[in-house]
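Asks: Here it is, the structure, as structure tokens.
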Amino acid sequence: MKGDLVYKALGLLLTYPEQELVDATGELDALFDASELSSEHLDGLTKLTTALRETPLLDLQEAYVRLFDRSTRLSLYLYEHVHGESRDRGQAMVDLQDYYKQHGVVSTAKELPDYVPILCEFCSMLDNETARAVLSDAGPVLALLGTRLADRKSHYAVVFDALVQLAEIEVDAEEVAAAASDDGVPVDDSFEALDRIWEETEITFGEGDALDSCGKGRSPQDDLIQLRTKGSGAPAQ
């Protein structure tokens with residue numbers, strides 16, 4: 001089977017909440033219900049989509065920014081957690097972009113290629129075995145983010161847990177918990193606490209663990225996820 005929309009659906013849930021995303025949550029629920037995700041993950045995803053529908057949009061957007069845009073610890077850019085601001089990050093970006101091209105996919109998005117929703121959309125274009133391999137490479141970082149979000153009692157944690165399940169990998173829970181520790185930094189949503197996190201060092205999991213092989217637009221309808229098959233001239237569906 002080539003292409004599984006569940007990857008794309010999970011990635012969409014990690015995008016900045018706009019009304020288009022809220023309006024699409026019913027379709028996302030139906031897609032998840034038809035997937036092979038565990039009942040535990042389905043329950044968590046239902047809680048997330050329900051929260052998206054029932055929470056005022058401005059409140060959703062404020063919470064999203066506090067979680068993902070103001071904290072490097074919860075960055076949705078995978079290489080932030082592997083390379084930080086080192087020179088290796090730039091080369092990793094080039095390698096990942098080349099990996100996309102090797103599979104006939106060109107990114108026309110304004111986001112960087114290691115942005116988790118972009119990676120999820122890419123996986124939706126692959127056969128399941130290849131998609132699992134890509135997610136497996138990213139598994140330690142995905143597990144890390146899921147644990148940190150769970151520590152913050154965030155509904156978004158289930159998205160990362162579901163991606164780890166789809167990758168069919170096992171992670172060392174103790175290692176992830178240790179990496180996810182805030183080392184004394186208060187876990188709260190205050191801007192002061194989030195600002196302190198910017199000064200902290202990156203988390204790494206060792207060689208080869210995170211995707212070694214392979215301007216922020218915010219509207220899912222426009223430039224959040226705009227991958228297209230090479231030569232097709234049209235965005236991927």
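By order in the structure tokens, chains are A, B, ...; within a chain, residues start at 1; ligands start at 1, following the order shown.
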Assign secondary structure with DSSP using the backbone only, and return the residues of segment 4-168 of chain A in alpha helix (DSSP H) as an NGL selection string.
Replies: :A and (5-13 or 19-23 or 25-33 or 39-54 or 57-64 or 87-102 or 116-123 or 128-151 or 157-167)
Asks: For segment 49-65 of chain A, work out the shell of residues within 10 Å, counting only C-alpha atoms and skipping chain neighbours fewer than 5 positions away, then give it as a list in words.
Replies: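 The residues that qualify are Leu13, Leu14, Thr15, Tyr16, Pro17, Glu18, Gln19, Leu21, Val22, Asp23, Ala24, Thr25, Gly26, Leu28, Asp29, Gly44, Arg70, Ser71, Ser154, His155, Tyr156 and Asp189 of chain A.
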Asks: Excluding Glu168 of chain A and residues on its chain fewer than 3 positions from it, collect all residues at most 8 Å away from it, counting only C-alpha atoms, and give them as number ranges by chain.
Replies: A: 132, 136, 164-165
Asks: Keeping only C-alpha atoms, write the selected residues as a PDB file, in the first residue's frame.
Replies:
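Okay, again.pdb is ready:
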ATOM      1  CA  ARG A 132       7.990   3.472   9.116  1.00  0.00           C
ATOM      2  CA  SER A 136      11.901   5.189  13.100  1.00  0.00           C
ATOM      3  CA  VAL A 164       5.927   6.342  17.542  1.00  0.00           C
ATOM      4  CA  GLN A 165       3.321   3.559  17.362  1.00  0.00           C
TER       5      GLN A 165
END
Asks: Which residue gives the smallest distance to Thr46 of chain A among A:Thr147, A:Tyr100, A:Val94, A:Val158, with only C-alpha atoms counted?
Replies: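 Of all the options, A:Val158 lies closest to Thr46 of chain A.
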Asks: For a quick check of understanding, using only C-alpha atoms, which of A:Leu166, A:Leu112, A:Asp43, A:Tyr7 has the smallest distance to Tyr79 of chain A?
Replies: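 Checking each candidate against Tyr79 of chain A, we get A:Leu112 as the closest.
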Asks: One decimal, in Å: what's the spacing between atom CA of Glu20 of chain A and atom CA of Asn128 of chain A?
Replies: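 These two atoms are separated by 27.8 Å.
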Asks: Please identify all polymer residues within 10 Å of His103 of chain A, counting only C-alpha atoms, omitting same-chain residues fewer than 2 positions from it, and present them as a PDB file with N, CA and C atoms, in the first residue's frame.
Replies:
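Writing done, so here's part_11.pdb:
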ATOM      1  N   ASP A  98      17.416  16.462  -0.011  1.00  0.00           N
ATOM      2  CA  ASP A  98      17.834  15.536  -1.061  1.00  0.00           C
ATOM      3  C   ASP A  98      17.099  14.200  -0.937  1.00  0.00           C
ATOM      4  N   TYR A  99      16.877  13.779   0.296  1.00  0.00           N
ATOM      5  CA  TYR A  99      16.155  12.521   0.521  1.00  0.00           C
ATOM      6  C   TYR A  99      14.728  12.620  -0.008  1.00  0.00           C
ATOM      7  N   TYR A 100      14.089  13.767   0.212  1.00  0.00           N
ATOM      8  CA  TYR A 100      12.763  13.986  -0.351  1.00  0.00           C
ATOM      9  C   TYR A 100      12.805  13.866  -1.877  1.00  0.00           C
ATOM     10  N   LYS A 101      13.801  14.517  -2.475  1.00  0.00           N
ATOM     11  CA  LYS A 101      13.903  14.523  -3.937  1.00  0.00           C
ATOM     12  C   LYS A 101      14.152  13.121  -4.485  1.00  0.00           C
ATOM     13  N   VAL A 105       9.782  13.824  -4.527  1.00  0.00           N
ATOM     14  CA  VAL A 105       8.981  14.831  -3.849  1.00  0.00           C
ATOM     15  C   VAL A 105       9.776  16.112  -3.690  1.00  0.00           C
ATOM     16  N   VAL A 106       9.155  17.221  -4.030  1.00  0.00           N
ATOM     17  CA  VAL A 106       9.779  18.535  -3.905  1.00  0.00           C
ATOM     18  C   VAL A 106       8.948  19.375  -2.956  1.00  0.00           C
ATOM     19  N   PHE A 122       5.217  13.979   3.998  1.00  0.00           N
ATOM     20  CA  PHE A 122       6.117  13.170   3.179  1.00  0.00           C
ATOM     21  C   PHE A 122       5.837  11.683   3.408  1.00  0.00           C
ATOM     22  N   MET A 125       3.108   9.937   1.529  1.00  0.00           N
ATOM     23  CA  MET A 125       3.331   9.667   0.111  1.00  0.00           C
ATOM     24  C   MET A 125       4.135   8.383  -0.112  1.00  0.00           C
ATOM     25  N   LEU A 126       4.620   7.786   0.960  1.00  0.00           N
ATOM     26  CA  LEU A 126       5.496   6.633   0.849  1.00  0.00           C
ATOM     27  C   LEU A 126       4.741   5.338   1.102  1.00  0.00           C
ATOM     28  N   THR A 229       4.591  16.041  -5.915  1.00  0.00           N
ATOM     29  CA  THR A 229       5.376  15.042  -6.628  1.00  0.00           C
ATOM     30  C   THR A 229       6.120  15.701  -7.763  1.00  0.00           C
ATOM     31  N   LYS A 230       7.399  15.387  -7.886  1.00  0.00           N
ATOM     32  CA  LYS A 230       8.236  16.001  -8.903  1.00  0.00           C
ATOM     33  C   LYS A 230       7.620  15.807 -10.293  1.00  0.00           C
TER      34      LYS A 230
END
Asks: What's the 8 Å shell around segment 10-12 of chain A, counting only C-alpha atoms, without same-chain residues fewer than 6 positions away, as an MDAnalysis selection string?
Replies: chainID A and resid 21 116:121 159 163 220
